[in-house]
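All remarks here apply to the structure that follows.
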Amino acid sequence: MRPTLLLLAAALVFAAPGRAADDAGAAPASRLRTITVSGEGEASGAPDVAVTTLGVEALDPKLGDAISDTSRRMRAVLDAVKRAGVAARDVRTVEYSVNFEQNPPPPRSSGERPSGVYRVRNTAQVTIRDLPRAGEVLDAAVAAGANAVSGIAFTIEEPAPLRARAREAAVADARARAEALARASGVAVGSVVSISESSGSPVPRPMLARAMASVAPGAPPIEAGELTERAEVEIVFEIGKRGP
């Protein structure tokens with residue numbers, strides 16, 4: 001073999017072990033020891049907005065009469081709701097339907113023609129921001145002719161402060177768990193390596209319900225209760241050495 005080739009082969013033999021040693025020595029230095037914990041937090045607050053659906057439904061063998069009856073009564077309902085303090089921007093039509101419902105067919109021997117009625121329905125979603133008057137609004141709508149009232153949901157118009165409190169409680173819970181694990185293991189909690197969050201929708205708490213005062217005597221009692229915002233976090237802490 002030529003001398004040049006011998007020198008090149010020797011260089012490769014000696015260089016490879018050195019590079020492998022450097023790589024092996026670098027890996028432990030970049031590896032962190034960590035504690036991974038999850039935390040949960042919640043915060044409760046009273047809702048300040050109610051959302052309900054109010055409507056009118058009419059049945060009549062004549063389509064024109066059913067439509068006229070529905071339209072007349074729905075206009076009265078909307079006027080009553082607005083007089084009760086609901087702004088026009090908080091009233092939105094969500095359904096208008098016309099259906100023909102056929103009666104059971106008569107016996108063939110009777111010679112009668114099949115008959116039925118038209119069902120016309122008109123409903124609107126109403127947002128009530130003056131919550132103590134929610135019962136008055138519903139009472140006014142029913143008195144004006146609403147006969148299709150379904151559901152009432154409560155919410156908080158500005159939920160950000162409630163969510164922030166739930167998030168802070170979740171982080172504090174996670175840190176407390178990490179410190180408990182660290183004490184049991186004889187180490188200390190270091191800096192945060194990573195953090196992730198998941199949060200849920202506000203959950204009603206009927207056990208804390210409180211009756212809303214109604215302005216109009218005889219208005220239906222409305223209980224708003226409280227809403228609870230929940231947050232969950234997962235935090236990875238670096239493990240440090242416990243001090244003397």
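A note on labels: chains of the structure tokens are A, B, ... as shown, every chain counts residues from 1, and ligands are counted from 1 in their shown order.
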
Legend entry - Ser198 of chain A environment, 12 Å, only C-alpha atoms, sequence neighbours closer than 6 positions dropped, as a list in words: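 These residues fall inside the cut-off: Ser38, Gly39, Glu40, Gly41, Arg163, Ala166, Arg167, Ala170, Val171, Glu229, Arg230, Ala231, Glu232, Val233, Glu234 and Ile235 of chain A.
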
Legend entry - Members of segment 68-168 of chain A assigned alpha helix (DSSP H) by DSSP, as a ChimeraX atom specification: /A:68-83,134-143,160-168

Inset, instruction - Measuring atom to atom with only C-alpha atoms, identify which of A:Gly145, A:Gly225, A:Gly116, A:Pro104 is nearest to Asp79 of chain A. - result: A:Gly145

Give me, as a short mmCIF file (atom, residue, chain, number, x, y, z; two decimals) with C-alpha atoms, in the first residue's frame, all polymer residues having an atom no more than 6 Å from Ala80 of chain A, counting only C-alpha atoms and skipping those fewer than 3 positions away in the same chain.
data_model
loop_
_atom_site.label_atom_id
_atom_site.label_comp_id
_atom_site.auth_asym_id
_atom_site.auth_seq_id
_atom_site.Cartn_x
_atom_site.Cartn_y
_atom_site.Cartn_z
CA VAL A 77 -94.92 40.02 21.77
CA ARG A 83 -91.39 48.03 26.44
CA ALA A 140 -94.95 40.56 29.42
#

Legend entry - For Ala46 of chain A, the nearest of the candidates A:Gly151, A:Pro159, A:Gly85, A:Gly186, counting only C-alpha atoms: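 Using only C-alpha atoms, Ala46 of chain A sits closest to A:Pro159.
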
Legend entry - Residues within 12 Å of Glu158 of chain A, only C-alpha atoms, excluding chain neighbours under 5 positions, as a count of residues only: 7

Inset, instruction - Can you list, as a PyMOL selection string, all residues belonging to segment 22-235 of chain A that DSSP tags as strand (DSSP E)? - result: chain A and resi 34-45+49-60+91-102+116-128+150-155+188-199+203-205+211-212+222-223+226-235

Inset, instruction - Counting only C-alpha atoms, figure out which residue out of A:Asp69, A:Ile195, A:Leu54, A:Leu63 gets nearest to Val137 of chain A. - result: A:Leu54

Legend entry - Residue with smallest distance to Ser194 of chain A - pool A:Leu78, A:Ala141, A:Ala50, A:Val236, counting only C-alpha atoms: A:Val236
